[in-house]
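model27.txt follows (compact mmCIF, C-alpha atoms):
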# COMPACT_ATOMS: atom_id res chain seq x y z
CA MET A 28 11.57 -111.51 -55.05
CA ARG A 29 9.19 -108.91 -56.44
CA GLU A 30 6.83 -109.67 -53.59
CA ASP A 31 9.59 -109.03 -51.05
CA LYS A 32 10.34 -105.66 -52.58
CA SER A 33 6.70 -104.69 -52.56
CA LYS A 34 6.37 -105.65 -48.91
CA LEU A 35 9.45 -103.63 -48.12
CA LEU A 36 8.09 -100.55 -49.88
CA ARG A 37 4.76 -100.88 -48.10
CA SER A 38 6.50 -100.99 -44.77
CA LEU A 39 8.29 -97.75 -45.56
CA THR A 40 5.10 -95.77 -46.47
CA ILE A 41 3.39 -93.38 -43.92
CA ASP A 42 -0.11 -94.10 -42.84
CA ARG A 43 -2.08 -90.81 -43.33
CA SER A 44 -5.25 -92.00 -41.71
CA ALA A 45 -3.54 -92.71 -38.38
CA SER A 46 -1.96 -89.23 -38.13
CA LYS A 47 -5.30 -87.56 -38.86
CA VAL A 48 -6.90 -89.34 -36.00
CA GLU A 49 -4.16 -88.60 -33.46
CA ARG A 50 -3.66 -84.88 -34.37
CA PRO A 51 -6.95 -83.52 -33.02
CA LYS A 52 -6.39 -85.27 -29.75
CA SER A 53 -3.01 -83.62 -29.31
CA ARG A 54 -4.43 -80.15 -30.29
CA TRP A 55 -7.45 -80.00 -27.93
CA LEU A 56 -5.60 -81.29 -24.95
CA PRO A 57 -3.75 -77.95 -24.07
CA ILE A 58 -6.87 -75.90 -24.79
CA SER A 59 -8.97 -77.89 -22.41
CA ALA A 60 -6.26 -77.59 -19.77
CA ALA A 61 -6.19 -73.77 -20.15
CA VAL A 62 -9.98 -73.51 -19.87
CA ALA A 63 -9.93 -75.59 -16.75
CA ALA A 64 -7.24 -73.37 -15.22
CA CYS A 65 -9.28 -70.24 -15.98
CA VAL A 66 -12.32 -71.73 -14.36
CA VAL A 67 -10.31 -72.57 -11.25
CA VAL A 68 -8.85 -69.03 -11.05
CA ALA A 69 -12.27 -67.41 -11.49
CA PHE A 70 -13.76 -69.57 -8.80
CA ALA A 71 -10.88 -68.71 -6.44
CA ALA A 72 -11.33 -64.96 -7.13
CA PHE A 73 -15.07 -65.17 -6.50
CA ALA A 74 -14.47 -67.01 -3.25
CA ALA A 75 -11.92 -64.37 -2.11
CA PHE A 76 -14.37 -61.57 -2.95
CA GLU A 77 -17.14 -63.18 -0.97
CA LEU A 78 -14.87 -63.70 2.01
CA ARG A 79 -13.69 -60.09 1.87
CA ARG A 80 -17.24 -58.77 1.68
CA GLN A 81 -18.26 -60.85 4.65
CA ASP A 82 -15.25 -59.67 6.73
CA GLN A 83 -15.69 -55.94 6.03
CA PRO A 84 -18.72 -55.22 8.28
CA LYS A 85 -16.95 -56.97 11.11
CA GLU A 86 -13.99 -54.56 10.81
CA THR A 87 -16.18 -51.47 10.67
CA THR A 88 -18.19 -52.59 13.66
CA SER A 89 -15.01 -53.31 15.56
CA GLN A 90 -13.69 -49.83 14.78
CA THR A 91 -16.87 -47.92 15.56
CA ALA A 92 -17.73 -49.86 18.68
CA PRO A 93 -15.11 -48.30 21.05
CA GLN A 94 -15.98 -44.72 20.05
CA PRO A 95 -19.04 -44.19 22.29
CA ALA A 96 -17.06 -45.52 25.26
CA SER A 97 -14.28 -42.90 25.07
CA GLN A 98 -15.24 -39.23 25.65
CA PRO A 99 -12.20 -37.59 23.91
CA GLN A 100 -13.15 -39.25 20.61
CA ALA A 101 -16.54 -37.56 20.71
CA GLN A 102 -14.80 -34.17 20.40
CA GLN A 103 -12.94 -35.11 17.20
CA PRO A 104 -15.68 -33.84 14.80
CA GLN A 105 -14.69 -30.25 15.80
CA GLN A 106 -11.44 -30.53 13.83
CA PRO A 107 -13.11 -30.58 10.39
CA ALA A 108 -14.92 -27.36 11.39
CA THR A 109 -11.57 -25.63 12.01
CA ASN A 110 -10.27 -26.86 8.68
CA GLY A 111 -13.45 -25.60 7.04
CA LYS A 112 -12.81 -22.11 8.41
CA ALA A 113 -9.34 -21.97 6.94
CA ALA A 114 -10.49 -23.42 3.66
CA GLY A 115 -13.46 -21.04 3.42
CA SER A 116 -11.43 -17.85 3.90
CA LEU A 117 -11.29 -15.40 1.01
CA ALA A 118 -7.81 -14.83 -0.47
CA ALA A 119 -6.58 -11.81 -2.40
CA SER A 120 -3.30 -10.20 -3.41
CA GLY A 121 -2.14 -6.61 -3.46
CA TYR A 122 0.64 -4.24 -2.43
CA VAL A 123 1.80 -2.29 0.59
CA VAL A 124 1.18 1.43 0.04
CA ALA A 125 1.78 4.62 2.03
CA ARG A 126 -1.08 7.05 2.54
CA ARG A 127 1.37 9.93 3.10
CA LYS A 128 4.02 10.11 0.42
CA ALA A 129 5.32 13.34 -1.09
CA THR A 130 8.01 14.51 -3.45
CA VAL A 131 9.51 17.58 -1.80
CA ALA A 132 10.09 20.40 -4.28
CA ALA A 133 10.82 24.12 -4.19
CA GLU A 134 8.12 26.74 -4.75
CA ILE A 135 10.52 28.92 -6.73
CA THR A 136 13.09 28.40 -9.45
CA GLY A 137 16.68 28.40 -8.27
CA LYS A 138 20.00 26.62 -8.12
CA VAL A 139 20.56 23.93 -5.51
CA VAL A 140 23.44 24.84 -3.20
CA GLU A 141 23.24 22.13 -0.54
CA VAL A 142 21.28 18.92 0.08
CA PHE A 143 21.15 17.89 3.73
CA THR A 144 19.60 14.43 3.44
CA ASP A 145 20.01 11.11 1.65
CA GLU A 146 18.17 7.84 1.04
CA GLY A 147 17.23 5.97 4.19
CA ARG A 148 17.52 8.93 6.54
CA THR A 149 14.72 9.97 8.89
CA VAL A 150 13.54 13.57 8.80
CA THR A 151 11.24 15.53 11.08
CA GLU A 152 8.48 17.93 10.17
CA GLY A 153 9.93 21.31 9.17
CA GLN A 154 13.50 20.06 8.87
CA VAL A 155 15.56 21.72 6.13
CA VAL A 156 16.41 19.13 3.48
CA ALA A 157 18.01 21.44 0.88
CA ARG A 158 19.00 25.08 0.29
CA LEU A 159 18.87 27.14 -2.88
CA ASP A 160 21.02 30.08 -3.92
CA SER A 161 19.52 33.04 -2.02
CA VAL A 162 21.92 35.95 -2.69
CA LEU A 163 19.38 38.07 -4.58
CA ALA A 164 16.60 37.20 -2.14
CA GLU A 165 18.74 38.35 0.77
CA ARG A 166 19.43 41.69 -0.99
CA ASP A 167 15.72 42.20 -1.64
CA TYR A 168 14.94 41.48 1.99
CA GLU A 169 17.53 44.00 3.19
CA LEU A 170 16.12 46.62 0.82
CA ALA A 171 12.58 46.00 2.08
CA ARG A 172 13.72 46.34 5.67
CA SER A 173 15.41 49.65 4.90
CA ARG A 174 12.17 50.91 3.38
CA VAL A 175 10.37 49.95 6.55
CA GLU A 176 12.85 51.95 8.59
CA THR A 177 12.45 54.96 6.27
CA ALA A 178 8.68 54.86 6.51
CA ASP A 179 8.88 54.49 10.27
CA ALA A 180 11.11 57.55 10.52
CA ALA A 181 8.71 59.56 8.34
CA VAL A 182 5.82 58.62 10.61
CA ALA A 183 7.80 59.69 13.68
CA ALA A 184 8.68 63.10 12.10
CA ILE A 185 5.15 63.84 11.00
CA SER A 186 3.82 62.78 14.40
CA ALA A 187 6.15 65.29 16.09
CA ASP A 188 5.05 68.08 13.75
CA LEU A 189 1.42 67.18 14.37
CA GLU A 190 1.87 67.36 18.13
CA ASP A 191 3.49 70.81 17.82
CA ALA A 192 0.74 72.03 15.47
CA THR A 193 -1.91 70.77 17.87
CA ARG A 194 -0.36 72.73 20.79
CA ILE A 195 -0.18 75.88 18.66
CA MET A 196 -3.83 75.49 17.65
CA SER A 197 -4.82 75.14 21.31
CA ARG A 198 -2.99 78.37 22.26
CA VAL A 199 -4.52 80.26 19.33
CA GLN A 200 -7.98 79.11 20.36
CA THR A 201 -7.35 80.36 23.93
CA LEU A 202 -6.07 83.73 22.69
CA SER A 203 -8.97 84.03 20.24
CA GLN A 204 -11.46 83.62 23.07
CA LYS A 205 -9.73 86.50 24.89
CA ASN A 206 -9.62 88.53 21.68
CA PHE A 207 -5.81 88.42 21.61
CA ALA A 208 -5.71 86.38 18.31
CA THR A 209 -7.52 86.90 15.07
CA GLU A 210 -9.83 84.50 13.38
CA ALA A 211 -7.28 84.09 10.56
CA ASP A 212 -4.62 82.88 12.96
CA LEU A 213 -7.01 80.27 14.35
CA THR A 214 -8.00 79.06 10.87
CA LYS A 215 -4.36 78.80 9.85
CA ALA A 216 -3.51 76.71 12.93
CA GLN A 217 -6.44 74.38 12.32
CA ALA A 218 -5.43 73.93 8.68
CA ARG A 219 -1.89 73.11 9.74
CA VAL A 220 -3.18 70.38 12.07
CA GLY A 221 -5.39 68.93 9.33
CA VAL A 222 -2.56 68.76 6.80
CA LEU A 223 -0.21 67.09 9.26
CA SER A 224 -2.92 64.57 10.22
CA ALA A 225 -3.34 63.63 6.56
CA GLN A 226 0.41 63.32 6.09
CA LEU A 227 0.60 61.13 9.19
CA ARG A 228 -2.05 58.75 7.81
CA GLN A 229 -0.18 58.63 4.51
CA ALA A 230 3.10 57.90 6.24
CA GLN A 231 1.50 55.20 8.36
CA SER A 232 0.02 53.60 5.24
CA GLN A 233 3.43 53.67 3.59
CA LEU A 234 4.89 52.08 6.71
CA GLU A 235 2.35 49.25 6.56
CA THR A 236 3.10 48.76 2.86
CA ALA A 237 6.82 48.62 3.59
CA LYS A 238 6.23 46.07 6.33
CA ILE A 239 4.14 43.90 4.03
CA ASP A 240 6.83 44.14 1.36
CA ALA A 241 9.48 43.21 3.91
CA LYS A 242 7.39 40.26 5.08
CA ARG A 243 6.94 39.12 1.50
CA SER A 244 10.68 39.39 0.88
CA GLY A 245 11.30 37.39 4.04
CA SER A 246 8.90 34.69 2.84
CA MET A 247 10.65 34.52 -0.53
CA LEU A 248 13.96 34.22 1.28
CA ASP A 249 12.56 31.42 3.42
CA LYS A 250 11.41 29.56 0.29
CA HIS A 251 15.08 29.07 -0.54
CA GLN A 252 15.15 26.75 2.48
CA ILE A 253 13.31 23.59 1.38
CA ARG A 254 11.72 21.88 4.40
CA ALA A 255 10.11 18.49 4.99
CA PRO A 256 6.29 18.72 5.05
CA PHE A 257 5.97 15.86 7.57
CA ALA A 258 8.08 13.38 9.47
CA GLY A 259 9.15 10.31 7.55
CA VAL A 260 11.93 8.45 5.78
CA VAL A 261 13.65 9.59 2.59
CA ILE A 262 13.32 6.89 -0.05
CA ASP A 263 14.65 8.81 -3.05
CA ARG A 264 17.05 11.72 -3.56
CA SER A 265 16.58 13.40 -6.93
CA ALA A 266 18.61 16.63 -6.98
CA GLN A 267 22.30 17.30 -6.53
CA PRO A 268 24.13 20.54 -5.62
CA GLY A 269 24.59 22.77 -8.65
CA GLU A 270 21.40 21.65 -10.46
CA MET A 271 18.53 23.97 -11.30
CA ILE A 272 15.18 23.21 -9.73
CA SER A 273 11.74 24.55 -10.57
CA PRO A 274 8.17 23.94 -9.34
CA MET A 275 7.14 23.17 -12.92
CA SER A 276 8.83 21.16 -15.62
CA VAL A 277 10.49 23.48 -18.11
CA GLY A 278 12.55 20.90 -19.96
CA GLY A 279 16.30 20.55 -20.21
CA TYR A 280 18.15 19.69 -17.03
CA THR A 281 15.74 21.45 -14.66
CA ARG A 282 14.39 19.16 -11.96
CA THR A 283 11.08 19.45 -10.16
CA GLY A 284 11.87 17.67 -6.87
CA ILE A 285 14.57 17.34 -4.25
CA CYS A 286 13.62 14.06 -2.57
CA THR A 287 10.68 11.76 -1.82
CA ILE A 288 9.54 11.25 1.77
CA VAL A 289 7.28 8.47 3.06
CA ASP A 290 5.48 8.43 6.39
CA MET A 291 6.07 4.88 7.63
CA ASP A 292 3.26 5.19 10.16
CA SER A 293 0.74 5.53 7.32
CA ILE A 294 1.54 2.32 5.45
CA GLU A 295 -1.33 -0.05 4.74
CA ILE A 296 -2.42 -2.70 2.23
CA GLU A 297 -4.51 -2.23 -0.87
CA VAL A 298 -5.96 -5.32 -2.54
CA ASP A 299 -8.43 -5.90 -5.38
CA VAL A 300 -11.24 -8.31 -4.50
CA ASN A 301 -13.46 -9.87 -7.12
CA GLU A 302 -16.83 -8.14 -6.97
CA ALA A 303 -18.55 -11.54 -6.82
CA PHE A 304 -17.00 -12.12 -3.37
CA ILE A 305 -17.01 -8.58 -1.96
CA GLY A 306 -20.00 -9.49 0.20
CA ARG A 307 -17.70 -11.70 2.28
CA VAL A 308 -15.57 -8.69 3.27
CA THR A 309 -16.71 -6.56 6.20
CA PRO A 310 -15.07 -3.39 7.63
CA GLY A 311 -13.12 -4.23 10.76
CA GLY A 312 -12.92 -7.91 9.91
CA PRO A 313 -9.72 -9.81 10.78
CA VAL A 314 -7.18 -10.46 8.04
CA ASN A 315 -3.99 -12.52 7.84
CA ALA A 316 -1.34 -10.93 5.63
CA VAL A 317 1.78 -12.64 4.26
CA LEU A 318 4.49 -10.71 2.47
CA ASP A 319 6.15 -12.33 -0.52
CA ALA A 320 9.50 -11.31 0.97
CA TYR A 321 8.74 -13.18 4.22
CA PRO A 322 6.50 -16.15 3.33
CA ASP A 323 6.79 -17.71 6.82
CA TRP A 324 5.65 -14.55 8.64
CA THR A 325 1.90 -14.09 9.14
CA ILE A 326 0.98 -10.50 10.02
CA PRO A 327 -2.32 -9.77 11.80
CA ALA A 328 -4.35 -7.05 10.11
CA SER A 329 -7.91 -5.78 9.77
CA VAL A 330 -10.09 -4.19 7.12
CA ILE A 331 -10.14 -0.37 7.18
CA ALA A 332 -12.74 0.26 4.51
CA ILE A 333 -14.17 -0.94 1.23
CA VAL A 334 -13.69 1.74 -1.44
CA PRO A 335 -17.22 2.42 -2.75
CA THR A 336 -16.43 1.98 -6.43
CA ALA A 337 -15.74 -0.93 -8.75
CA ASN A 338 -13.32 -1.37 -11.61
CA ARG A 339 -15.37 -2.10 -14.70
CA GLU A 340 -12.50 -3.60 -16.67
CA LYS A 341 -11.23 -5.96 -13.96
CA ALA A 342 -14.57 -6.47 -12.15
CA THR A 343 -12.87 -5.85 -8.79
CA VAL A 344 -13.39 -3.65 -5.75
CA LYS A 345 -10.51 -2.07 -3.84
CA VAL A 346 -10.19 -2.85 -0.13
CA ARG A 347 -7.96 -1.01 2.35
CA ILE A 348 -6.34 -3.04 5.15
CA ARG A 349 -4.37 -1.80 8.17
CA PHE A 350 -1.52 -3.53 9.96
CA GLU A 351 -2.30 -4.21 13.61
CA LYS A 352 1.38 -3.74 14.45
CA LYS A 353 3.99 -1.79 12.51
CA ASP A 354 7.34 -3.40 11.73
CA PRO A 355 10.49 -1.98 10.08
CA ARG A 356 10.53 -4.93 7.68
CA ILE A 357 7.30 -3.79 6.07
CA LEU A 358 8.22 -1.47 3.20
CA PRO A 359 6.10 0.38 0.63
CA ASP A 360 5.34 -1.32 -2.71
CA MET A 361 5.95 -4.82 -1.31
CA ALA A 362 3.75 -7.57 -2.72
CA VAL A 363 1.43 -9.16 -0.17
CA LYS A 364 -1.22 -11.88 -0.04
CA VAL A 365 -4.12 -11.66 2.41
CA ASN A 366 -6.79 -14.01 3.75
CA PHE A 367 -10.05 -12.49 4.96
CA MET A 368 -11.08 -14.46 8.05
CA ARG A 369 -14.72 -13.37 8.11
CA GLU A 370 -16.08 -16.92 8.32
CA ALA A 371 -13.72 -17.81 11.14
CA LYS A 372 -14.89 -14.78 13.07
CA ALA A 373 -18.56 -15.61 12.49
CA ASN A 374 -18.12 -19.23 13.54
CA GLY A 375 -16.14 -18.19 16.58
CA SER A 376 -18.89 -15.83 17.73
CA ALA A 377 -21.53 -18.52 17.10
CA ASP A 378 -19.56 -21.03 19.18
CA ALA A 379 -19.17 -18.49 21.97
CA SER A 380 -22.90 -17.74 22.01
CA ALA A 381 -23.71 -21.45 22.01
CA ALA A 382 -21.34 -22.01 24.94
CA ASN A 383 -23.03 -19.21 26.91

Give the structure from the file, written as structure tokens.
Amino acid sequence: MREDKSKLLRSLTIDRSASKVERPKSRWLPISAAVAACVVVAFAAFAAFELRRQDQPKETTSQTAPQPASQPQAQQPQQPATNGKAAGSLAASGYVVARRKATVAAEITGKVVEVFTDEGRTVTEGQVVARLDSVLAERDYELARSRVETADAAVAAISADLEDATRIMSRVQTLSQKNFATEADLTKAQARVGVLSAQLRQAQSQLETAKIDAKRSGSMLDKHQIRAPFAGVVIDRSAQPGEMISPMSVGGYTRTGICTIVDMDSIEIEVDVNEAFIGRVTPGGPVNAVLDAYPDWTIPASVIAIVPTANREKATVKVRIRFEKKDPRILPDMAVKVNFMREAKANGSADASAAN
């Protein structure tokens, strides 16, 4: 019975040696399978790469072969040259400015009575834009004119006396030659003519002085009429009726200007170009300008001049550019970007010479 129990217990025990032998086999089996799969994938990739490398020259030769046969394809290399011109252009930014812009002011101090213009209105050269109080100036002008009339009357009276004295002197001379008049009478007549001649010159001088004074008073009266110095458009109105205006700033509520006028025919572009690229800008060269307000509108322009001075702080040189065609949409102080097309012009001339 003890032997049966011992056999039964032996049958229930686990054999350690058998498990140790079977475990390595079960562990290395998946690893070997993975290595084999990697080898297969690598071989497939290498085969695909070799096939692709062998097929590539065939494609290139098939693409390049028809080109010599067709004549239009031979002209295609000219397109990169056009793109090179656009890419090689020099770009800069600046503002639209007016060469003729003035703040109209009075030459005298006075009170504004009327203003005859407003923002946006067009004025002509010499047009009256405002009027100052001219009551005192009108009185001074009338007084000067009356002085001119007085001096003119004095000249006329002395001239009449001189003519009479001259006739008397002539008669006395005739009588003296016939011994009918004394030497004293002749001397007295000659002295009378001399005195009247001196008085006439004095009166004439006073008349000229009165005329100059009257002319000056008339000019002062005319200064109360403020006129436009040139034709243009009013962009700012500063003064109002009832305000004091003066040619110099004296503080307080005294203004120095009536309005600001801009000559729209004198507008142009001013840009700052880096001095390292100023050699690519030539006077008269073509320029394409684009306003920030109208980004889809390209305006043809050309270089007027290169200002012969450089800005030390910004290392730039100022360039003036004119618009080839004026347009009402172009306004002063607008921001603008320009492209100097010097290279395009040079290449175009080279192509033209080569064609000739």

What's the 8 Å shell around Asp360 of chain A, counting all atoms listed in the file, without same-chain residues fewer than 3 positions away, as a list in words?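 Counting all atoms listed in the file, the residues come to Tyr122, Val123 and Val124 of chain A.
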
Could you give me, as a PDB file with C-alpha atoms, keeping the file's coordinate frame, the residues within 12 Å of segment 187-201 of chain A, counting only C-alpha atoms and dropping anything in the same chain fewer than 5 positions from it?
ATOM      1  CA  ALA A 180      11.110  57.550  10.520  1.00  0.00           C
ATOM      2  CA  ALA A 181       8.710  59.560   8.340  1.00  0.00           C
ATOM      3  CA  VAL A 182       5.820  58.620  10.610  1.00  0.00           C
ATOM      4  CA  ASN A 206      -9.620  88.530  21.680  1.00  0.00           C
ATOM      5  CA  PHE A 207      -5.810  88.420  21.610  1.00  0.00           C
ATOM      6  CA  ALA A 208      -5.710  86.380  18.310  1.00  0.00           C
ATOM      7  CA  THR A 209      -7.520  86.900  15.070  1.00  0.00           C
ATOM      8  CA  GLU A 210      -9.830  84.500  13.380  1.00  0.00           C
ATOM      9  CA  ALA A 211      -7.280  84.090  10.560  1.00  0.00           C
ATOM     10  CA  ASP A 212      -4.620  82.880  12.960  1.00  0.00           C
ATOM     11  CA  LEU A 213      -7.010  80.270  14.350  1.00  0.00           C
ATOM     12  CA  THR A 214      -8.000  79.060  10.870  1.00  0.00           C
ATOM     13  CA  LYS A 215      -4.360  78.800   9.850  1.00  0.00           C
ATOM     14  CA  ALA A 216      -3.510  76.710  12.930  1.00  0.00           C
ATOM     15  CA  GLN A 217      -6.440  74.380  12.320  1.00  0.00           C
ATOM     16  CA  ALA A 218      -5.430  73.930   8.680  1.00  0.00           C
ATOM     17  CA  ARG A 219      -1.890  73.110   9.740  1.00  0.00           C
ATOM     18  CA  VAL A 220      -3.180  70.380  12.070  1.00  0.00           C
ATOM     19  CA  GLY A 221      -5.390  68.930   9.330  1.00  0.00           C
ATOM     20  CA  VAL A 222      -2.560  68.760   6.800  1.00  0.00           C
ATOM     21  CA  LEU A 223      -0.210  67.090   9.260  1.00  0.00           C
ATOM     22  CA  SER A 224      -2.920  64.570  10.220  1.00  0.00           C
ATOM     23  CA  ALA A 225      -3.340  63.630   6.560  1.00  0.00           C
ATOM     24  CA  GLN A 226       0.410  63.320   6.090  1.00  0.00           C
ATOM     25  CA  LEU A 227       0.600  61.130   9.190  1.00  0.00           C
ATOM     26  CA  ARG A 228      -2.050  58.750   7.810  1.00  0.00           C
TER      27      ARG A 228
END

Among the residues A:Ile272, A:Ile348, A:Met368, A:Val300, the one that comes closest to Thr336 of chain A [using only C-alpha atoms]: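 Result for the nearest residue to Thr336 of chain A: A:Val300.
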
Please, what distance in Å, to one decimal, runs between atom CA of Pro359 of chain A and atom CA of Ala328 of chain A?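 Atom CA of Ala328 of chain A lies 15.9 Å from atom CA of Pro359 of chain A.
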
So, with only C-alpha atoms as the atoms that count, which of A:Val131, A:Ala320, A:Ala125, A:Ala266 lies closest to Glu297 of chain A? A:Ala125

Dump as a ChimeraX atom specification all residues having an atom at most 10 Å from (-12.1, -0.4, 0.5), computed in the file's coordinates with all atoms listed in the file. /A:297-300,305,308-310,330-337,344-348

Write out the residues from the selection above, keeping C-alpha atoms, as a PDB file, in the frame of the given file.
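Listed below is the output, selection_21.pdb:
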ATOM      1  CA  GLU A 297      -4.510  -2.230  -0.870  1.00  0.00           C
ATOM      2  CA  VAL A 298      -5.960  -5.320  -2.540  1.00  0.00           C
ATOM      3  CA  ASP A 299      -8.430  -5.900  -5.380  1.00  0.00           C
ATOM      4  CA  VAL A 300     -11.240  -8.310  -4.500  1.00  0.00           C
ATOM      5  CA  ILE A 305     -17.010  -8.580  -1.960  1.00  0.00           C
ATOM      6  CA  VAL A 308     -15.570  -8.690   3.270  1.00  0.00           C
ATOM      7  CA  THR A 309     -16.710  -6.560   6.200  1.00  0.00           C
ATOM      8  CA  PRO A 310     -15.070  -3.390   7.630  1.00  0.00           C
ATOM      9  CA  VAL A 330     -10.090  -4.190   7.120  1.00  0.00           C
ATOM     10  CA  ILE A 331     -10.140  -0.370   7.180  1.00  0.00           C
ATOM     11  CA  ALA A 332     -12.740   0.260   4.510  1.00  0.00           C
ATOM     12  CA  ILE A 333     -14.170  -0.940   1.230  1.00  0.00           C
ATOM     13  CA  VAL A 334     -13.690   1.740  -1.440  1.00  0.00           C
ATOM     14  CA  PRO A 335     -17.220   2.420  -2.750  1.00  0.00           C
ATOM     15  CA  THR A 336     -16.430   1.980  -6.430  1.00  0.00           C
ATOM     16  CA  ALA A 337     -15.740  -0.930  -8.750  1.00  0.00           C
ATOM     17  CA  VAL A 344     -13.390  -3.650  -5.750  1.00  0.00           C
ATOM     18  CA  LYS A 345     -10.510  -2.070  -3.840  1.00  0.00           C
ATOM     19  CA  VAL A 346     -10.190  -2.850  -0.130  1.00  0.00           C
ATOM     20  CA  ARG A 347      -7.960  -1.010   2.350  1.00  0.00           C
ATOM     21  CA  ILE A 348      -6.340  -3.040   5.150  1.00  0.00           C
TER      22      ILE A 348
END

If I take atom CA of Val289 of chain A and atom CA of Val150 of chain A, how far is one from the other in Å, to one decimal?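 Computing it gives 9.9 Å between the two atoms.
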
Give me, as a count of residues only, all polymer residues having an atom no more than 7 Å from Phe350 of chain A, counting only C-alpha atoms and skipping those fewer than 6 positions away in the same chain. 4

Correct to one decimal, the distance atom CA of Lys352 of chain A-atom CA of Asp263 of chain A is 25.3 Å

Nearest to Val365 of chain A: which of A:Ala63, A:Ile262, A:Ile296, A:Ala129 is it, counting all atoms listed in the file? A:Ile296

Go through A:Thr343, A:Asn315, A:Ser186, A:Asn338 one by one, measure the shortest atom-to-atom distance of each to Ser116 of chain A using all atoms listed in the file, and give the residue with the smallest value.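 Closest candidate: A:Asn315.
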
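Considering the residues A:Lys364, A:Arg282, A:Arg356, A:Lys138 and counting all atoms listed in the file, Pro322 of chain A has its shortest atom-to-atom contact with A:Lys364.
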
So that all listed atoms of segment 204-213 of chain A fit with 8 Å spare on each side, what axis-aligned box centre and edge lengths in Å, to one decimal, would you give as AutoDock Vina command-line options?
--center_x -8.0 --center_y 84.4 --center_z 17.7 --size_x 22.8 --size_y 24.3 --size_z 30.3

Write out as a list in words which residues come within 9 Å of segment 154-156 of chain A when counting all atoms listed in the file, dropping same-chain ones fewer than 3 positions away. Val131, Glu141, Val142, Phe143, Thr144, Asp145, Val150, Thr151, Gln252, Ile253, Arg254, Ala255, Pro256, Phe257, Ala258, Ile285 and Cys286 of chain A

Ranking A:Gln267, A:Asp319, A:Trp324, A:Asp249 by minimum distance to Val363 of chain A and counting all atoms listed in the file, which one comes first?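 Of all the options, A:Asp319 lies closest to Val363 of chain A.
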